[in-house]
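K.L.:
Following this line is run-v8.tsv, made up of TSV, C-alpha atoms:
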```
chain	number	residue	atom	x	y	z
A	114	MET	CA	7.07	-149.49	-15.77
A	115	ILE	CA	3.51	-148.24	-16.24
A	116	TYR	CA	1.05	-150.85	-17.52
A	117	CYS	CA	-2.50	-150.47	-18.67
A	118	LYS	CA	-4.95	-151.64	-16.00
A	119	ARG	CA	-6.95	-153.63	-18.59
A	120	CYS	CA	-4.65	-154.93	-21.32
A	121	LEU	CA	-0.92	-155.77	-21.27
A	122	TYR	CA	0.41	-152.75	-23.11
A	123	ALA	CA	2.97	-150.65	-21.26
A	124	GLU	CA	4.68	-147.32	-21.72
A	125	ASN	CA	7.45	-149.07	-23.68
A	126	HIS	CA	5.18	-149.76	-26.69
A	127	PRO	CA	7.16	-148.84	-29.85
A	128	LEU	CA	4.22	-146.84	-31.26
A	129	ASN	CA	3.91	-144.79	-28.03
A	130	ILE	CA	0.91	-144.90	-25.76
A	131	VAL	CA	-0.74	-142.69	-23.10
A	132	PHE	CA	-2.85	-143.48	-20.03
A	133	ASN	CA	-5.85	-141.77	-18.48
A	134	GLU	CA	-6.37	-141.02	-14.78
A	135	LYS	CA	-7.83	-144.51	-14.21
A	136	GLY	CA	-4.80	-146.19	-15.74
A	137	LEU	CA	-6.44	-147.27	-19.00
A	138	CYS	CA	-4.32	-146.95	-22.12
A	139	SER	CA	-5.32	-144.97	-25.19
A	140	GLY	CA	-5.57	-148.21	-27.19
A	141	CYS	CA	-8.22	-149.67	-24.88
A	142	LEU	CA	-10.19	-146.41	-24.87
A	143	ILE	CA	-10.28	-146.19	-28.66
A	144	HIS	CA	-11.10	-149.89	-28.91
A	145	GLU	CA	-14.30	-149.19	-26.93
A	146	GLU	CA	-15.51	-147.35	-30.05
A	147	LYS	CA	-15.95	-150.73	-31.72
A	148	ASP	CA	-18.99	-151.40	-29.52
A	149	LYS	CA	-20.45	-147.91	-29.99
A	150	ILE	CA	-19.96	-147.10	-33.68
A	151	ASN	CA	-22.80	-147.73	-36.11
A	152	TRP	CA	-20.88	-150.03	-38.46
A	153	ILE	CA	-23.71	-150.17	-40.97
A	154	GLU	CA	-23.36	-146.42	-41.46
A	155	ARG	CA	-19.59	-146.79	-41.64
A	156	SER	CA	-19.92	-149.42	-44.38
A	157	LYS	CA	-22.14	-147.02	-46.34
A	158	LYS	CA	-19.42	-144.38	-45.98
A	159	LEU	CA	-16.89	-146.87	-47.36
A	160	GLU	CA	-19.21	-147.67	-50.27
A	161	SER	CA	-19.53	-143.98	-51.15
A	162	ILE	CA	-15.74	-143.59	-51.14
A	163	LEU	CA	-15.27	-146.62	-53.37
A	164	LEU	CA	-17.94	-145.45	-55.85
A	165	ASN	CA	-15.96	-142.27	-56.40
A	166	TYR	CA	-13.03	-144.35	-57.64
A	167	LYS	CA	-14.96	-146.85	-59.76
A	168	ASN	CA	-13.50	-146.80	-63.26
A	169	ILE	CA	-16.66	-146.62	-65.35
A	170	SER	CA	-14.86	-146.87	-68.69
A	171	GLY	CA	-13.12	-150.09	-67.63
A	172	ASN	CA	-9.79	-148.97	-69.07
A	173	ASN	CA	-8.01	-149.08	-65.70
A	174	TYR	CA	-8.22	-150.71	-62.28
A	175	ASP	CA	-10.46	-149.23	-59.60
A	176	CYS	CA	-7.92	-149.49	-56.81
A	177	ILE	CA	-4.74	-151.14	-55.57
A	178	ILE	CA	-4.64	-153.70	-52.76
A	179	PRO	CA	-1.25	-154.58	-51.19
A	180	VAL	CA	-1.26	-158.32	-50.46
A	181	SER	CA	0.91	-161.17	-49.24
A	182	GLY	CA	0.51	-164.86	-48.54
A	183	SER	CA	-0.75	-164.11	-45.05
A	184	ARG	CA	-2.31	-161.49	-42.79
A	185	ASP	CA	-5.72	-160.18	-43.85
A	186	SER	CA	-5.06	-160.29	-47.60
A	187	PHE	CA	-7.83	-162.80	-48.35
A	188	PHE	CA	-10.35	-160.85	-46.27
A	189	ILE	CA	-9.47	-157.50	-47.86
A	190	VAL	CA	-9.65	-158.81	-51.43
A	191	HIS	CA	-12.86	-160.72	-50.65
A	192	THR	CA	-14.44	-157.57	-49.20
A	193	ILE	CA	-13.36	-155.18	-51.94
A	194	LYS	CA	-13.95	-157.45	-54.93
A	195	ASN	CA	-16.83	-159.71	-53.89
A	196	VAL	CA	-18.76	-157.44	-51.51
A	197	TYR	CA	-18.16	-154.00	-53.02
A	198	LYS	CA	-17.67	-155.23	-56.62
A	199	MET	CA	-14.46	-153.29	-57.28
A	200	ASN	CA	-11.78	-154.32	-59.78
A	201	PRO	CA	-8.51	-154.24	-57.82
A	202	LEU	CA	-4.92	-154.59	-58.95
A	203	LEU	CA	-3.05	-156.67	-56.38
A	204	VAL	CA	0.56	-155.78	-55.61
A	205	THR	CA	3.04	-157.65	-53.46
A	206	TYR	CA	6.61	-157.11	-52.32
A	207	ASN	CA	8.71	-160.29	-52.28
A	208	LYS	CA	10.18	-160.34	-48.77
A	209	GLN	CA	12.45	-163.29	-49.73
A	210	TYR	CA	11.97	-165.00	-46.34
A	211	ASN	CA	9.06	-166.87	-47.94
A	212	THR	CA	7.60	-170.13	-46.62
A	213	ASP	CA	5.93	-172.76	-48.78
A	214	VAL	CA	2.64	-172.01	-46.99
A	215	GLY	CA	2.86	-168.33	-47.92
A	216	ILE	CA	3.68	-169.13	-51.54
A	217	ARG	CA	0.65	-171.43	-51.75
A	218	ASN	CA	-1.65	-168.87	-50.14
A	219	LEU	CA	-0.51	-166.15	-52.54
A	220	ALA	CA	-1.01	-168.43	-55.54
A	221	LYS	CA	-4.48	-169.31	-54.31
A	222	LEU	CA	-5.31	-165.64	-53.64
A	223	ARG	CA	-4.68	-164.52	-57.20
A	224	THR	CA	-6.45	-167.60	-58.57
A	225	VAL	CA	-9.68	-167.77	-56.54
A	226	PHE	CA	-10.31	-164.04	-56.88
A	227	ASN	CA	-9.20	-163.93	-60.53
A	228	CYS	CA	-7.20	-160.74	-59.99
A	229	ASP	CA	-4.18	-159.35	-61.79
A	230	ILE	CA	-1.12	-159.14	-59.56
A	231	MET	CA	2.23	-157.37	-59.76
A	232	THR	CA	5.25	-158.48	-57.74
A	233	LEU	CA	8.41	-156.58	-56.85
A	234	THR	CA	11.45	-158.82	-56.35
A	235	VAL	CA	14.60	-156.88	-55.56
A	236	SER	CA	18.01	-158.46	-56.25
A	237	PRO	CA	18.79	-160.80	-53.32
A	238	GLU	CA	22.32	-159.43	-53.08
A	239	ILE	CA	21.02	-155.87	-52.68
A	240	VAL	CA	18.49	-157.04	-50.08
A	241	LYS	CA	21.26	-158.79	-48.13
A	242	LYS	CA	23.45	-155.69	-48.28
A	243	ILE	CA	20.59	-153.50	-47.02
A	244	THR	CA	19.74	-156.01	-44.28
A	245	ARG	CA	23.33	-156.00	-43.00
A	246	ALA	CA	23.15	-152.20	-42.87
A	247	THR	CA	19.79	-152.09	-41.06
A	248	MET	CA	21.01	-154.66	-38.54
A	249	ARG	CA	23.99	-152.44	-37.79
A	250	LYS	CA	22.09	-149.14	-37.74
A	251	MET	CA	18.82	-150.10	-36.05
A	252	GLY	CA	18.99	-153.79	-35.14
A	253	SER	CA	16.42	-154.83	-37.75
A	254	ILE	CA	16.37	-157.73	-40.19
A	255	TYR	CA	12.92	-156.68	-41.38
A	256	TRP	CA	13.35	-153.07	-42.52
A	257	HIS	CA	13.48	-154.01	-46.21
A	258	CYS	CA	10.21	-155.97	-45.90
A	259	ILE	CA	8.31	-153.09	-44.31
A	260	ALA	CA	9.89	-150.55	-46.67
A	261	GLY	CA	9.04	-152.63	-49.73
A	262	GLN	CA	5.51	-153.47	-48.60
A	263	THR	CA	4.68	-149.82	-47.93
A	264	VAL	CA	6.39	-148.18	-50.92
A	265	TYR	CA	5.66	-150.53	-53.83
A	266	PRO	CA	1.88	-149.91	-53.75
A	267	VAL	CA	2.49	-146.14	-53.85
A	268	GLN	CA	5.02	-146.44	-56.68
A	269	THR	CA	2.49	-148.55	-58.62
A	270	ALA	CA	-0.34	-146.09	-57.96
A	271	VAL	CA	1.75	-143.25	-59.39
A	272	LYS	CA	3.05	-145.23	-62.34
A	273	PHE	CA	-0.34	-146.58	-63.47
A	274	LYS	CA	-2.43	-143.61	-62.34
A	275	ILE	CA	-4.58	-145.57	-59.88
A	276	PRO	CA	-5.29	-143.10	-57.07
A	277	LEU	CA	-6.87	-145.36	-54.43
A	278	ILE	CA	-4.87	-147.81	-52.26
A	279	ILE	CA	-6.77	-149.98	-49.79
A	280	TRP	CA	-5.01	-151.23	-46.67
A	281	GLY	CA	-6.31	-153.41	-43.84
A	282	ALA	CA	-5.85	-152.21	-40.26
A	283	HIS	CA	-3.97	-149.10	-39.19
A	284	GLN	CA	-1.71	-150.21	-36.32
A	285	GLY	CA	-1.78	-146.80	-34.69
A	286	VAL	CA	-5.57	-147.04	-34.37
A	287	ASP	CA	-5.92	-150.73	-33.61
A	288	GLN	CA	-3.10	-151.08	-31.09
A	289	VAL	CA	-2.42	-147.81	-29.27
A	290	GLY	CA	-5.36	-145.54	-30.11
A	291	MET	CA	-3.20	-142.97	-31.84
A	292	PHE	CA	-6.32	-141.92	-33.75
A	293	SER	CA	-10.06	-142.50	-33.45
A	294	HIS	CA	-11.86	-144.59	-36.07
A	295	ILE	CA	-13.94	-141.48	-36.73
A	296	ASP	CA	-10.79	-139.58	-37.75
A	297	GLU	CA	-10.57	-141.89	-40.78
A	298	VAL	CA	-6.81	-141.53	-40.74
A	299	GLU	CA	-5.14	-142.30	-44.06
A	300	MET	CA	-1.72	-143.39	-45.28
A	301	THR	CA	1.03	-140.80	-44.81
A	302	ARG	CA	4.72	-140.74	-45.58
A	303	LYS	CA	5.41	-139.23	-42.14
A	304	TYR	CA	3.80	-142.13	-40.22
A	305	ARG	CA	5.58	-144.63	-42.46
A	306	LYS	CA	9.00	-143.14	-41.73
A	307	GLU	CA	8.58	-142.49	-38.01
A	308	HIS	CA	6.88	-145.74	-37.05
A	309	ASP	CA	7.08	-148.37	-39.79
A	310	LEU	CA	10.66	-147.58	-40.83
A	311	MET	CA	12.04	-146.66	-37.39
A	312	GLY	CA	13.01	-143.18	-38.61
A	313	TYR	CA	15.01	-144.32	-41.66
A	314	GLU	CA	14.00	-143.53	-45.24
A	315	ALA	CA	15.77	-145.45	-48.01
A	316	GLU	CA	18.00	-142.46	-48.74
A	317	ASP	CA	19.27	-142.55	-45.15
A	318	LEU	CA	20.88	-145.94	-45.80
A	319	ILE	CA	23.30	-144.62	-48.42
A	320	ASP	CA	26.66	-145.13	-46.75
A	321	GLU	CA	30.18	-145.78	-48.00
A	322	PHE	CA	30.85	-148.03	-44.98
A	323	ASP	CA	27.95	-150.36	-45.89
A	324	GLN	CA	28.69	-149.98	-49.60
A	325	ILE	CA	25.11	-148.88	-50.26
A	326	TYR	CA	24.73	-146.39	-53.08
A	327	GLU	CA	21.88	-144.53	-54.79
A	328	GLN	CA	21.20	-147.32	-57.27
A	329	ASP	CA	20.85	-149.86	-54.43
A	330	ILE	CA	17.93	-148.07	-52.77
A	331	SER	CA	16.00	-146.97	-55.87
A	332	GLN	CA	13.34	-149.68	-55.42
A	333	PHE	CA	12.64	-148.47	-51.88
A	334	LYS	CA	12.39	-144.73	-52.61
A	335	TYR	CA	9.06	-143.07	-51.94
A	336	PRO	CA	7.64	-141.07	-54.86
A	337	GLU	CA	7.99	-137.29	-54.67
A	338	ASP	CA	5.08	-135.33	-53.19
A	339	ILE	CA	4.40	-133.65	-56.50
A	340	GLU	CA	3.98	-137.04	-58.20
A	341	ILE	CA	1.54	-138.21	-55.51
A	342	GLU	CA	-0.45	-134.97	-55.65
A	343	LYS	CA	-0.64	-135.07	-59.45
A	344	ILE	CA	-2.39	-138.47	-59.38
A	345	GLY	CA	-4.24	-137.74	-56.14
A	346	VAL	CA	-3.00	-140.91	-54.44
A	347	ARG	CA	-4.61	-141.71	-51.10
A	348	GLY	CA	-4.53	-144.83	-48.93
A	349	ILE	CA	-7.53	-145.74	-46.77
A	350	TYR	CA	-7.72	-148.30	-43.97
A	351	LEU	CA	-10.64	-150.74	-43.80
A	352	ASN	CA	-10.64	-150.92	-40.01
A	353	ASN	CA	-12.07	-147.40	-39.97
A	354	TYR	CA	-15.17	-148.69	-41.77
A	355	ILE	CA	-15.42	-152.37	-40.73
A	356	ARG	CA	-15.40	-153.72	-37.17
A	357	TRP	CA	-11.99	-155.35	-37.27
A	358	ASP	CA	-11.56	-158.82	-35.80
A	359	SER	CA	-8.56	-160.55	-37.35
A	360	LYS	CA	-9.31	-163.97	-35.80
A	361	ALA	CA	-12.92	-164.07	-36.98
A	362	GLN	CA	-11.94	-162.77	-40.41
A	363	HIS	CA	-9.28	-165.43	-40.92
A	364	GLU	CA	-11.59	-168.20	-39.81
A	365	ALA	CA	-14.18	-167.03	-42.33
A	366	MET	CA	-11.49	-167.14	-45.04
A	367	ILE	CA	-10.47	-170.68	-43.97
A	368	LYS	CA	-14.06	-171.80	-44.51
A	369	LEU	CA	-14.61	-169.91	-47.77
A	370	TYR	CA	-11.25	-170.33	-49.52
A	371	ASN	CA	-9.22	-172.90	-47.57
A	372	TYR	CA	-6.74	-170.26	-46.41
A	373	GLU	CA	-3.75	-172.17	-45.06
A	374	THR	CA	-2.40	-171.56	-41.56
A	375	ASN	CA	0.76	-172.74	-39.82
A	376	TYR	CA	2.52	-172.98	-36.46
A	377	GLN	CA	4.30	-169.80	-35.29
A	378	THR	CA	7.26	-169.90	-32.90
A	379	ARG	CA	6.51	-167.01	-30.54
A	380	THR	CA	2.72	-166.71	-30.53
A	381	PHE	CA	-0.50	-168.70	-30.50
A	382	ASP	CA	-1.77	-166.72	-33.53
A	383	HIS	CA	-1.18	-169.19	-36.37
A	384	TYR	CA	-3.03	-167.03	-38.92
A	385	ASN	CA	-1.24	-163.74	-39.43
A	386	ASP	CA	2.38	-164.31	-40.47
A	387	VAL	CA	2.46	-167.76	-42.02
A	388	ASP	CA	4.22	-166.49	-45.15
A	389	CYS	CA	7.48	-165.59	-43.40
A	390	TYR	CA	10.09	-167.65	-41.56
A	391	ASN	CA	11.28	-164.65	-39.60
A	392	TYR	CA	8.44	-162.35	-38.58
A	393	SER	CA	7.14	-164.33	-35.57
A	394	ASP	CA	10.57	-165.85	-35.02
A	395	ILE	CA	13.88	-163.94	-35.32
A	396	HIS	CA	12.31	-160.53	-35.98
A	397	ASP	CA	10.01	-160.84	-32.96
A	398	TYR	CA	12.81	-162.09	-30.69
A	399	ILE	CA	14.92	-159.08	-31.66
A	400	LYS	CA	11.95	-156.85	-30.77
A	401	PHE	CA	11.89	-158.49	-27.34
A	402	LEU	CA	15.58	-157.76	-26.82
A	403	LYS	CA	15.16	-154.14	-27.97
A	404	HIS	CA	11.85	-153.25	-26.33
A	405	GLY	CA	11.07	-155.90	-23.70
A	406	TYR	CA	8.03	-156.56	-25.86
A	407	GLY	CA	6.86	-159.14	-28.40
A	408	LYS	CA	4.04	-159.94	-30.81
A	409	ILE	CA	2.47	-162.21	-28.19
A	410	ILE	CA	1.61	-159.07	-26.18
A	411	ASP	CA	-0.14	-157.58	-29.23
A	412	HIS	CA	-2.11	-160.79	-29.65
A	413	VAL	CA	-3.26	-161.27	-26.05
A	414	THR	CA	-4.12	-157.58	-25.83
A	415	ARG	CA	-6.28	-157.91	-28.93
A	416	GLU	CA	-8.06	-160.92	-27.41
A	417	ILE	CA	-8.61	-159.10	-24.09
A	418	ARG	CA	-10.19	-156.15	-25.88
A	419	LEU	CA	-12.40	-158.42	-27.99
A	420	LYS	CA	-13.66	-159.98	-24.73
A	421	ARG	CA	-12.24	-163.44	-25.34
A	422	LEU	CA	-9.49	-163.49	-22.72
A	423	LYS	CA	-9.00	-162.45	-19.09
A	424	ARG	CA	-5.96	-160.41	-18.13
A	425	ASN	CA	-4.51	-163.01	-15.72
A	426	ASP	CA	-4.85	-165.73	-18.34
A	427	ALA	CA	-3.18	-163.43	-20.85
A	428	ILE	CA	-0.17	-162.96	-18.56
A	429	ASN	CA	0.27	-166.73	-18.31
A	430	ILE	CA	0.11	-167.06	-22.09
A	431	VAL	CA	2.77	-164.35	-22.48
A	432	LYS	CA	5.07	-166.24	-20.09
A	433	LYS	CA	4.74	-169.31	-22.29
A	434	TYR	CA	5.93	-167.53	-25.45
A	435	ILE	CA	7.93	-164.41	-24.65
A	436	TYR	CA	11.21	-166.18	-23.79
A	437	LYS	CA	11.14	-168.59	-26.71
A	438	LYS	CA	14.32	-168.53	-28.79
A	439	PRO	CA	14.07	-168.33	-32.59
A	440	GLU	CA	13.81	-171.66	-34.38
A	441	ASN	CA	14.82	-170.39	-37.82
A	442	LEU	CA	18.06	-168.55	-37.03
A	443	ASP	CA	20.26	-170.99	-38.97
A	444	LEU	CA	18.24	-170.32	-42.14
A	445	PHE	CA	18.79	-166.60	-41.80
A	446	LEU	CA	22.51	-166.90	-40.97
A	447	ASP	CA	23.06	-169.13	-44.00
A	448	TRP	CA	21.13	-166.71	-46.23
A	449	ILE	CA	22.95	-163.56	-45.11
A	450	GLY	CA	26.38	-165.18	-44.63
A	451	MET	CA	26.97	-164.52	-40.93
A	452	THR	CA	27.99	-166.52	-37.88
A	453	GLU	CA	25.77	-166.78	-34.82
A	454	ASN	CA	28.41	-164.98	-32.74
A	455	GLY	CA	28.49	-162.16	-35.27
A	456	PHE	CA	24.69	-161.95	-35.24
A	457	ASN	CA	24.56	-161.87	-31.44
A	458	TYR	CA	27.27	-159.21	-31.26
A	459	ILE	CA	25.36	-156.90	-33.62
A	460	ILE	CA	21.98	-157.39	-31.95
A	461	ASP	CA	23.46	-156.94	-28.46
A	462	GLN	CA	24.44	-153.39	-29.46
A	463	HIS	CA	20.70	-152.65	-29.68
A	464	ARG	CA	19.62	-154.54	-26.57
A	465	ASN	CA	17.69	-152.18	-24.30
A	466	LYS	CA	19.61	-151.67	-21.04
A	467	LYS	CA	16.38	-150.54	-19.38
A	468	PHE	CA	15.25	-154.16	-19.43
A	469	TRP	CA	18.50	-156.14	-19.64
A	470	HIS	CA	21.73	-156.30	-17.66
A	471	ARG	CA	24.80	-158.50	-17.44
A	472	ASN	CA	24.86	-160.76	-14.38
A	473	GLU	CA	27.98	-161.78	-12.46
A	474	ASN	CA	28.70	-164.43	-15.10
A	475	TRP	CA	28.48	-161.79	-17.83
A	476	GLU	CA	25.28	-163.35	-19.17
A	477	TRP	CA	22.32	-161.23	-20.23
A	478	GLU	CA	19.51	-161.23	-17.68
A	479	LEU	CA	16.08	-159.62	-17.73
A	480	LYS	CA	15.42	-157.06	-15.01
A	481	GLN	CA	12.34	-157.35	-12.78
A	482	THR	CA	10.54	-154.50	-14.52
A	483	LEU	CA	8.12	-156.29	-16.84
A	484	ILE	CA	4.67	-157.65	-16.01
A	485	PHE	CA	5.44	-161.22	-17.02
A	486	ASN	CA	8.45	-161.57	-14.71
A	487	ASN	CA	7.34	-159.56	-11.67
A	488	SER	CA	4.21	-160.63	-9.79
A	489	LYS	CA	4.04	-157.27	-7.95
A	490	ILE	CA	2.93	-155.59	-11.18
A	491	HIS	CA	-0.02	-157.98	-11.59
A	492	SER	CA	-2.50	-155.95	-9.51
A	493	ILE	CA	-5.92	-155.90	-11.15
A	494	ASP	CA	-8.77	-153.42	-10.73
A	495	GLU	CA	-11.79	-155.61	-11.44
A	496	SER	CA	-13.96	-152.57	-12.18
A	497	LEU	CA	-11.83	-151.84	-15.27
A	498	GLN	CA	-11.95	-155.36	-16.70
A	499	LEU	CA	-14.17	-156.39	-19.57
A	500	ASN	CA	-16.63	-159.25	-19.23
A	501	VAL	CA	-15.48	-162.23	-21.27
A	502	ASN	CA	-18.43	-163.15	-23.47
A	503	GLU	CA	-16.75	-165.62	-25.81
A	504	GLU	CA	-14.60	-168.62	-24.93
A	505	PHE	CA	-10.98	-168.26	-26.00
A	506	LYS	CA	-10.30	-171.04	-28.47
A	507	ASN	CA	-7.07	-172.21	-30.01
A	508	PHE	CA	-6.24	-170.90	-33.45
A	509	ILE	CA	-6.78	-173.49	-36.15
A	510	ILE	CA	-3.80	-175.13	-37.81
A	511	THR	CA	-5.05	-176.33	-41.17
A	512	GLU	CA	-3.96	-179.47	-42.97
A	513	GLN	CA	-0.69	-178.90	-44.81
A	514	LYS	CA	-1.12	-178.95	-48.58
A	515	TYR	CA	1.43	-180.35	-50.99
A	516	SER	CA	3.44	-178.24	-53.40
A	517	SER	CA	6.71	-178.67	-55.25
A	518	ASP	CA	8.22	-175.72	-53.36
A	519	LYS	CA	10.88	-176.59	-50.79
A	520	LYS	CA	10.09	-176.78	-47.11
A	521	ASN	CA	12.51	-175.46	-44.47
A	522	SER	CA	14.14	-173.15	-46.98
A	523	TYR	CA	13.60	-169.56	-48.13
A	524	ILE	CA	11.69	-169.58	-51.41
A	525	LEU	CA	12.61	-166.68	-53.66
A	526	ILE	CA	10.28	-167.59	-56.54
A	527	GLY	CA	7.79	-170.41	-55.96
A	528	LYS	CA	5.09	-172.19	-57.90
A	529	GLY	CA	2.56	-172.54	-55.12
A	530	CYS	CA	1.39	-175.84	-56.51
```
Would you write the structure of this file as structure tokens?

P.N.:
Amino acid sequence: MIYCKRCLYAENHPLNIVFNEKGLCSGCLIHEEKDKINWIERSKKLESILLNYKNISGNNYDCIIPVSGSRDSFFIVHTIKNVYKMNPLLVTYNKQYNTDVGIRNLAKLRTVFNCDIMTLTVSPEIVKKITRATMRKMGSIYWHCIAGQTVYPVQTAVKFKIPLIIWGAHQGVDQVGMFSHIDEVEMTRKYRKEHDLMGYEAEDLIDEFDQIYEQDISQFKYPEDIEIEKIGVRGIYLNNYIRWDSKAQHEAMIKLYNYETNYQTRTFDHYNDVDCYNYSDIHDYIKFLKHGYGKIIDHVTREIRLKRLKRNDAINIVKKYIYKKPENLDLFLDWIGMTENGFNYIIDQHRNKKFWHRNENWEWELKQTLIFNNSKIHSIDESLQLNVNEEFKNFIITEQKYSSDKKNSYILIGKGC
């Protein structure tokens, strides 16, 4: 297994990654741009783009911002509405795995920024049917969330003739250096299908075996190219114009708006996925079984590149989290109507044999091919390491607020108060 000599990304990264002759990955090389780019000039470029979409007549919104009760939603809306004085329409896909914290954050988001918001809630029975199919086909319980989150903003842009969609960070840029910040890469259907949706469009799920038909996937269908071209829909990513630092951004939002954080099972990052019971829990554990990789590796790599964490310390942190079993599996099994044995049987079909094998007791065992379970791969070239110039501090867990929404239960529709 080839590993980057600076961060903890390896050749098995799901988004693909390349290495230079020194052994540095493309993600680390592109990340170096963050300390070289003139971000003041980039912000002026963003301002000029936004001005072109300002609705002078006031008879429509200036742009669309996809949001949720977590991630960088507060920061994006704050930046676009309060800093650049745009009038956004917020849109959100109801992932149905909602926590009470996420429901409260979303309620606060639309209130403190005084924005209109549209929500897509697909029939729970259809979502369950699709989730059973995506588990069988690709070993994913999260396909419907990603599909909904990435298609609903585009559908809304076409329907209401709002050409500009504003996203946060482009994963291909921020993680693996698929593009330079200077490329100003924008939203594409191709990237969405190949990387976000694991190669499956909604139409690909239509299957007599899974009893999924045309009417079941209509809410997840991407608009036709001619519809998109007619409106001139484009999606830009803020991390091409703003020096992206998710930790610093969240902590600013905690201070300004009392953004609520919460404990996450398989990572120290208690900011990013607090709205979902499954993302940093079951979904991430499945990713580990499929790719020998988890969100914790994304998070320590980010902190290494932002000069807050040393590589050896990062490896020890990964060891602490990477083997953790999901804590919310019973919730999911009850929701979807499946036994744990049935769940394990389906997921085992997608377990990557490059990283896993059956031992003499017919139990799954991790091979000695990954950096966190093989000390021989730990070799460090000090000349390639970054100087840590900021102490790594624990992520803040805020005081839990009260609301009438249930705890320890999926919340389909919540009050947030």

K.L.:
Could you work out how far CA of Asn391 in chain A lies from CA of Gln262 in chain A, giving the answer in Å with one decimal?

P.N.:
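Those two atoms sit 15.5 Å apart.
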
K.L.:
So which residues touch range 287-304 of chain A within 8 Å, counting all atoms listed in the file, skipping near sequence neighbours fewer than 4 positions away, as a VMD selection string?

P.N.:
chain A and resid 128 to 130 138 to 144 146 282 to 283 308 to 309 347 to 350 352 to 354 411 415

K.L.:
A:Asp185, A:Glu364, A:Asp358, A:Asp148: which is nearest Ile279 in chain A, counting all atoms listed in the file?

P.N.:
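Smallest distance to Ile279 in chain A is found for A:Asp185.
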
K.L.:
What does the distance between CA of Glu478 in chain A and CA of Lys403 in chain A come to in Å, to one decimal place?

P.N.:
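About the pair CA of Glu478 in chain A and CA of Lys403 in chain A: they are 13.2 Å apart.
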
K.L.:
How many Å separate CA of Leu202 in chain A from CA of His396 in chain A?

P.N.:
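Between CA of Leu202 in chain A and CA of His396 in chain A the gap works out to 29.3 Å.
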
K.L.:
Nearest residue to Glu440 in chain A out of A:Ile395, A:Ile484, A:Val271, A:Cys228, using only C-alpha atoms?

P.N.:
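Between A:Ile395, A:Ile484, A:Val271, A:Cys228, the residue approaching Glu440 in chain A most closely is A:Ile395.
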
K.L.:
Please work out which residues fall within 12 Å of (21.4, -154.2, -51.7), coordinates as given in the file, with all atoms listed in the file counting, and return them as a ChimeraX atom specification.

P.N.:
/A:234-247,257,315,318-320,323-333,449

K.L.:
Give me the residues near Lys135 in chain A as a PyMOL selection string, where near means some atom within 10 Å (using all atoms listed in the file) and where sequence neighbours in that chain fewer than 4 positions away do not count.

P.N.:
chain A and resi 117-118+494+497

K.L.:
Compare A:Ile178, A:Ala365, A:Ile278, A:Met248 by their minimum atom-to-atom distance to Arg223 in chain A, counting only C-alpha atoms, and give me the closest one.

P.N.:
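When distances to Arg223 in chain A are compared using only C-alpha atoms, the smallest one comes from A:Ile178.
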
K.L.:
List as a list in words the protein and nucleic acid residues near Tyr166 in chain A, meaning an atom at most 12 Å away when only C-alpha atoms are counted, but skip any in the same chain fewer than 2 places from it.

P.N.:
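Neighbouring residues, sequence-local ones excluded: Leu159, Glu160, Ser161, Ile162, Leu163, Leu164, Asn168, Ile169, Ser170, Gly171, Asn173, Tyr174, Asp175, Cys176, Ile177, Tyr197, Lys198, Met199, Asn200, Pro201, Lys274, Ile275, Pro276, Leu277, Ile278, Ile279, Gly345, Val346 and Arg347 of chain A.
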
K.L.:
Put those residues in a file: C-alpha atoms, as a PDB file, in the coordinates of the input.

P.N.:
```pdb
ATOM      1  CA  LEU A 159     -16.890-146.870 -47.360  1.00  0.00           C
ATOM      2  CA  GLU A 160     -19.210-147.670 -50.270  1.00  0.00           C
ATOM      3  CA  SER A 161     -19.530-143.980 -51.150  1.00  0.00           C
ATOM      4  CA  ILE A 162     -15.740-143.590 -51.140  1.00  0.00           C
ATOM      5  CA  LEU A 163     -15.270-146.620 -53.370  1.00  0.00           C
ATOM      6  CA  LEU A 164     -17.940-145.450 -55.850  1.00  0.00           C
ATOM      7  CA  ASN A 168     -13.500-146.800 -63.260  1.00  0.00           C
ATOM      8  CA  ILE A 169     -16.660-146.620 -65.350  1.00  0.00           C
ATOM      9  CA  SER A 170     -14.860-146.870 -68.690  1.00  0.00           C
ATOM     10  CA  GLY A 171     -13.120-150.090 -67.630  1.00  0.00           C
ATOM     11  CA  ASN A 173      -8.010-149.080 -65.700  1.00  0.00           C
ATOM     12  CA  TYR A 174      -8.220-150.710 -62.280  1.00  0.00           C
ATOM     13  CA  ASP A 175     -10.460-149.230 -59.600  1.00  0.00           C
ATOM     14  CA  CYS A 176      -7.920-149.490 -56.810  1.00  0.00           C
ATOM     15  CA  ILE A 177      -4.740-151.140 -55.570  1.00  0.00           C
ATOM     16  CA  TYR A 197     -18.160-154.000 -53.020  1.00  0.00           C
ATOM     17  CA  LYS A 198     -17.670-155.230 -56.620  1.00  0.00           C
ATOM     18  CA  MET A 199     -14.460-153.290 -57.280  1.00  0.00           C
ATOM     19  CA  ASN A 200     -11.780-154.320 -59.780  1.00  0.00           C
ATOM     20  CA  PRO A 201      -8.510-154.240 -57.820  1.00  0.00           C
ATOM     21  CA  LYS A 274      -2.430-143.610 -62.340  1.00  0.00           C
ATOM     22  CA  ILE A 275      -4.580-145.570 -59.880  1.00  0.00           C
ATOM     23  CA  PRO A 276      -5.290-143.100 -57.070  1.00  0.00           C
ATOM     24  CA  LEU A 277      -6.870-145.360 -54.430  1.00  0.00           C
ATOM     25  CA  ILE A 278      -4.870-147.810 -52.260  1.00  0.00           C
ATOM     26  CA  ILE A 279      -6.770-149.980 -49.790  1.00  0.00           C
ATOM     27  CA  GLY A 345      -4.240-137.740 -56.140  1.00  0.00           C
ATOM     28  CA  VAL A 346      -3.000-140.910 -54.440  1.00  0.00           C
ATOM     29  CA  ARG A 347      -4.610-141.710 -51.100  1.00  0.00           C
TER      30      ARG A 347
END
```
